[in-house]
Every structure is written in C-alpha cells, then in structure tokens.
Amino acid sequence: MNRYPRLVIAGTHSGVGKTMVTLALLAALKRLGRHVQAFKAGPDFIDAGHHTAITGRPSRNLDGWMLGKSMNREIFARGACDADLSIIEGMMGLFDGSSPVDEKGSTAELAKQLAAPVLLVIDGSAMARSVAATASGYACFDPQVRVAGVLFNRIGGEGHYHLLKDAVEAETDLAVVGYLKPDPALTIQDRHLGLMTAIEQQSTTLVDRLAQAAAETVDVDRVEQLAYQADGDDLFPIPVPSKEQTGGRVRIGIAYDPAFCFYYKDNLELLEMLGAELVRFSPMNDEALPDVELLYFGGGYPELYGERLAANVGMRKAIRSFAERGGAVYGECGGMMYLTQSIRDFENRSHDMVGLFPAEAVMSKTTMTLGYRVLEMSSACLLGAAGTRAKGHEFHYSRLEATGPLHYACVLTDAQGNSMGRDGLMVGNTLALYTHLHFGSEPAIAMALVAAAQQRIGAR
C-alpha cells in the first residue's frame, strides 16, 4: 500500500494558471471526501493560505534552496502522514529555479526529492498540434523528472480539448486528464505581491465553483490514480509525535489579521515544539496586547491597512511600551514596516506606526525587491550569536528612508553569494528584518527566540 500518494502540479511557465488548477483539484478531492494535504513549492505564503482555506489542513512550504532535501522530506512526511493523498503546487515553470544552468530551487528538483510524479499544466488557449511538442519537450528534458500527465487550462470547449488531447496522445504516453475553461468567476484578485490573501477572500461560493469546474471537465479519479503511482516511500522519515521541550513554557504573541498573515506553518510549529504557547492578536482590531513574553510580527500588507493601523493608537503605544520595557520583539518585512515611525503608501499618504525605528517605509511600484537570501548575524541579536546563518527570501515594494541612525545586526547575500547589503534593524531587544526566514533552514534561530522569551520571564 502506498503510504504517501502524492502529485506535483507544475506549469510550463509562470502565469499558466497552476494555482487555480491546484485549488480546483483540492476542492474537487475535498468534495469526494478525501483528506488531502497541500504543499507549496517555493517561498510563497499566499498560495499556501488558499490551499489551507480549501482543505482545512495547514499547507506547508517546501523549498530546495532554502531547506534542502532532508528537511523537505521531513516536512512532507509530517504533513502527509495522516492524509489520503498530497498535492504539491509548483512554482514558476517546472525547471525554473534559483539558477539558469541547474535545477536548484526548482519544482523539478523538489519532484525528484519527493519521488513524485508531475501533472503538467499547459495553457492551450492558442495552441494546436504544437502542444504535443511542448508536452514531449517537458517530459523528456530531464528523464529523472517523471511527467506523468497533462492538464490543459483556458480551453473554450470540448472540440478544442479533443484536438489537443489527440495531439499529445499521438506523440507521447502521457495521461491527458482534462481541462479547465476560462471563467472570470474562478479568479482571485491580483495585486503587487500576488493574489489577495485567503483571510481577505473567504468564499464558500468560490470553493464550490472550483470543485464543480474540475468535476465537469477533469477526470479527477485519474488525477488521484497518478498520485498513487508515486513510489519511494522509504525515502521519508517516520514522523515522531513532537514533545514539548522542558525549560519553562513561554507565551509568544503572533500578530494575525489581514495586515499580518505571512507565516510559515513550520516556523510556528517549531516554536511550539520548543515550548512556546502561541497567542494570536490583531494590531488592527485589538485594543490591548495579550500577556506574552515575545511579539512576532509576520509579513503581510500593512501598507493597505495603514489608516486602520494608525488609528489604533492604543495598540501602537502598547507595543512601544512593551519593547521599551525590554520585551522581545521580532518582525519580518511587513512586520518591520509596522515597527518604523510611519508607512507612506502608494498614494503618498503617510500613516503613523509604532515608532521603534527612526525610519519611514515608503511604497513604490518601481522598487520591487525579490530573491533568495542568506542572512548572517554580524553581531549577537535576538536570533542568535554572531556568525549564525539562516536562509529566507525578500519580496517587497518598499524601501526605508532613515530619519535617524539605524543599527543593523545582519549582512545579506543572494543565492549566488553576491552581497545584498545589510538587514536586521536592531534596537534594544527588538529585531526586524526585510527577509522572511524559514526556521527550518537553521532551527537554532527558533531556539534563540524562545530563549529570549524565557529570559523575559526571569526578568519579571
């Protein structure tokens, strides 16, 4: 019996529609009563959030560059161990990654690490027999990547579908599992960091329409059969139930609302495994902080909610007071922006923020920063001793304009080892990064955060 049925949903290129295909398949499988576990290849938070909203199970990120083979397999086994099957949504095109000359960080690399078959999504809207060349090329490019099937997206009707199906089946042995029609109702609004987040667009109607669309034109049973073709279950470690470590339970406040919702599930679980109790609070809506020893502000869209964040003066004052009394505060990207003096949004409106750092975060649609990062502590800080290294990624449309001296605790390099300057604004017991870190790349940083919270208990 296959212990881990699994299937990678990959695209020929970015924008082919693999996210909507993935969501439709997840919804259709859920409707059939399957306990389906979703994963997202690469560092994207937003797609994973939509997976979670459909399946009711936390979607997890897997990444060949940030995490490596062993950690990817460990995270996969932990998430999939009690599921009927797993669906892994790829990133960009199947063979696109952190380098143009090798597979590092690509969906193809991850498919090989997981020994998972691939369902290739092709936008067939303007194609005929050439689709066979496309499918054949992707299937043959790397013989170690097992492209098992094809699904066409944006197909107008049965006639066009059968033309494409016949072309692929005449030239390859790939399973053609169906197609999805172009449907404006099956869309999620896009914006500067990607799709709207699941927390902002919670719609059972959309989920129902996705499930129905897949049921009408996709052979969902055959998709499931492809997942059961996966072998190599012996590659994965046997998940061991986590045991809370001793040393005193601490409470960590997790900022969570539409402004702050970018968190890796495994980051939060690692903190819990180390003895932390996670307490959600909303900087947008709550009037007071929970009783905690550390505050964790994830990324998100504070620039879109600047007016509401600024209006919650009591919360902003409470956070500043907490930090000035020595409380530990950790922020990433949007969380870091919130901890500055102000955010200037895309309409050039300035909104007062917490004010721990003498800087303004200024939004600009022409200053996108995107890429993998290696973060190294140049001095001891909330994340550990000098020399500690961890991996993550940057993706933002803002820049910092200093209004006073800024102290940085970290240096950055990109995936190729090139210097990317400094990161890690530090003041007192507060540290804030532009980089989103995955604690799985260096679990010691999670240990350092919990230790900082424990020191706060001792200081009370």
# chains A, B, ... in the order shown; residues from 1 in each chain; ligands from 1
call {"tool": "closest_atom_pairs", "arguments": {"of": "range 95-121 of chain A", "to": "range 54-72 of chain A", "cutoff": "12 Å", "atoms": "only C-alpha atoms", "output": "tab-separated table"}}
result
residue	atom	partner	partner_atom	distance
A:Asp96	CA	A:Gly64	CA	11.9
A:Gly97	CA	A:Trp65	CA	8.6
A:Ser98	CA	A:Trp65	CA	7.6
A:Ser99	CA	A:Trp65	CA	10.3
A:Asp102	CA	A:Trp65	CA	11.8
A:Glu103	CA	A:Gly64	CA	9.1
A:Lys104	CA	A:Trp65	CA	6.1
A:Gly105	CA	A:Gly64	CA	4.5
A:Ser106	CA	A:Gly64	CA	6.9
A:Thr107	CA	A:Gly64	CA	8.3
A:Ala108	CA	A:Gly64	CA	9.6
A:Glu109	CA	A:Gly64	CA	6.7
A:Leu110	CA	A:Gly64	CA	6.0
A:Ala111	CA	A:Gly64	CA	9.8
A:Lys112	CA	A:Lys69	CA	9.4
A:Gln113	CA	A:Lys69	CA	5.9
A:Leu114	CA	A:Asn72	CA	8.1
A:Ala115	CA	A:Lys69	CA	11.2
call {"tool": "atom_distance", "arguments": {"atom1": "CA of Ala215 in chain A", "atom2": "CA of Ala28 in chain A"}}
result
6.4 Å
call {"tool": "residues_around", "arguments": {"residues": "range 304-319 of chain A", "least_positions_apart": "4", "cutoff": "10 Å", "atoms": "only C-alpha atoms", "output": "CSV table (one decimal) with C-alpha atoms, in the first residue's frame"}}
result
chain,number,residue,atom,x,y,z
A,258,PRO,CA,-5.3,40.9,7.1
A,259,ALA,CA,-2.3,43.2,7.6
A,260,PHE,CA,0.0,40.5,9.1
A,282,SER,CA,-4.7,41.7,15.9
A,283,PRO,CA,-2.8,45.0,15.6
A,284,MET,CA,-5.7,46.3,13.5
A,285,ASN,CA,-8.6,45.4,15.8
A,286,ASP,CA,-7.4,44.6,19.4
A,287,GLU,CA,-7.2,47.4,22.0
A,288,ALA,CA,-4.5,45.7,24.1
A,289,LEU,CA,-1.7,43.2,23.9
A,295,LEU,CA,5.9,39.6,20.0
A,300,GLY,CA,1.6,40.9,5.0
A,323,ALA,CA,9.6,47.0,23.7
A,324,GLU,CA,10.9,49.9,25.8
A,325,ARG,CA,10.4,47.8,29.0
A,327,GLY,CA,10.1,42.8,25.9
A,329,VAL,CA,10.0,41.9,19.6
A,338,TYR,CA,4.9,48.5,11.1
A,339,LEU,CA,7.7,48.9,13.7
A,342,SER,CA,5.5,55.6,9.5
A,343,ILE,CA,4.4,53.9,6.3
A,344,ARG,CA,4.0,56.0,3.1
A,345,ASP,CA,1.5,54.2,0.9
A,346,PHE,CA,1.2,54.0,-2.9
A,349,ARG,CA,-0.2,59.2,2.2
A,350,SER,CA,1.8,58.8,5.4
A,351,HIS,CA,0.4,56.7,8.3
A,352,ASP,CA,2.0,56.8,11.8
A,353,MET,CA,3.2,53.4,13.0
A,354,VAL,CA,4.8,52.1,16.2
A,355,GLY,CA,8.0,54.2,16.0
A,356,LEU,CA,10.7,51.9,17.4
call {"tool": "atom_distance", "arguments": {"atom1": "CA of His160 in chain A", "atom2": "CA of Gly178 in chain A"}}
result
11.5 Å
call {"tool": "residues_around", "arguments": {"residues": "Val223 in chain A", "least_positions_apart": "3", "cutoff": "10 Å", "atoms": "only C-alpha atoms", "output": "PyMOL selection string"}}
result
chain A and resi 7+25+29+119+148-151+175-178+218-220+226-228
call {"tool": "decode", "arguments": {"residues": "range 416-447 of chain A", "atoms": "C-alpha atoms", "output": "compact mmCIF listing (two decimals), in the first residue's frame"}}
result
# COMPACT_ATOMS: atom_id res chain seq x y z
CA GLN A 416 24.70 33.18 -5.90
CA GLY A 417 26.67 34.54 -2.94
CA ASN A 418 26.61 38.19 -4.03
CA SER A 419 26.44 40.85 -1.34
CA MET A 420 22.97 42.33 -0.87
CA GLY A 421 23.87 44.78 1.87
CA ARG A 422 22.58 44.77 5.43
CA ASP A 423 19.40 43.67 7.18
CA GLY A 424 18.18 43.23 10.72
CA LEU A 425 17.29 46.57 12.26
CA MET A 426 18.04 46.33 15.98
CA VAL A 427 17.19 48.49 18.93
CA GLY A 428 17.24 47.10 22.46
CA ASN A 429 15.57 43.69 22.44
CA THR A 430 13.80 44.32 19.11
CA LEU A 431 14.97 42.90 15.79
CA ALA A 432 13.22 43.43 12.46
CA LEU A 433 14.14 42.09 9.01
CA TYR A 434 13.10 42.64 5.43
CA THR A 435 13.96 38.96 4.94
CA HIS A 436 11.34 36.30 5.58
CA LEU A 437 13.27 33.49 7.29
CA HIS A 438 12.36 29.81 7.26
CA PHE A 439 13.40 28.49 10.65
CA GLY A 440 13.83 25.03 9.10
CA SER A 441 16.98 26.37 7.43
CA GLU A 442 18.52 26.93 10.88
CA PRO A 443 16.43 25.74 13.86
CA ALA A 444 18.83 27.49 16.26
CA ILE A 445 17.15 30.81 15.47
CA ALA A 446 13.82 29.48 16.79
CA MET A 447 15.66 28.30 19.89
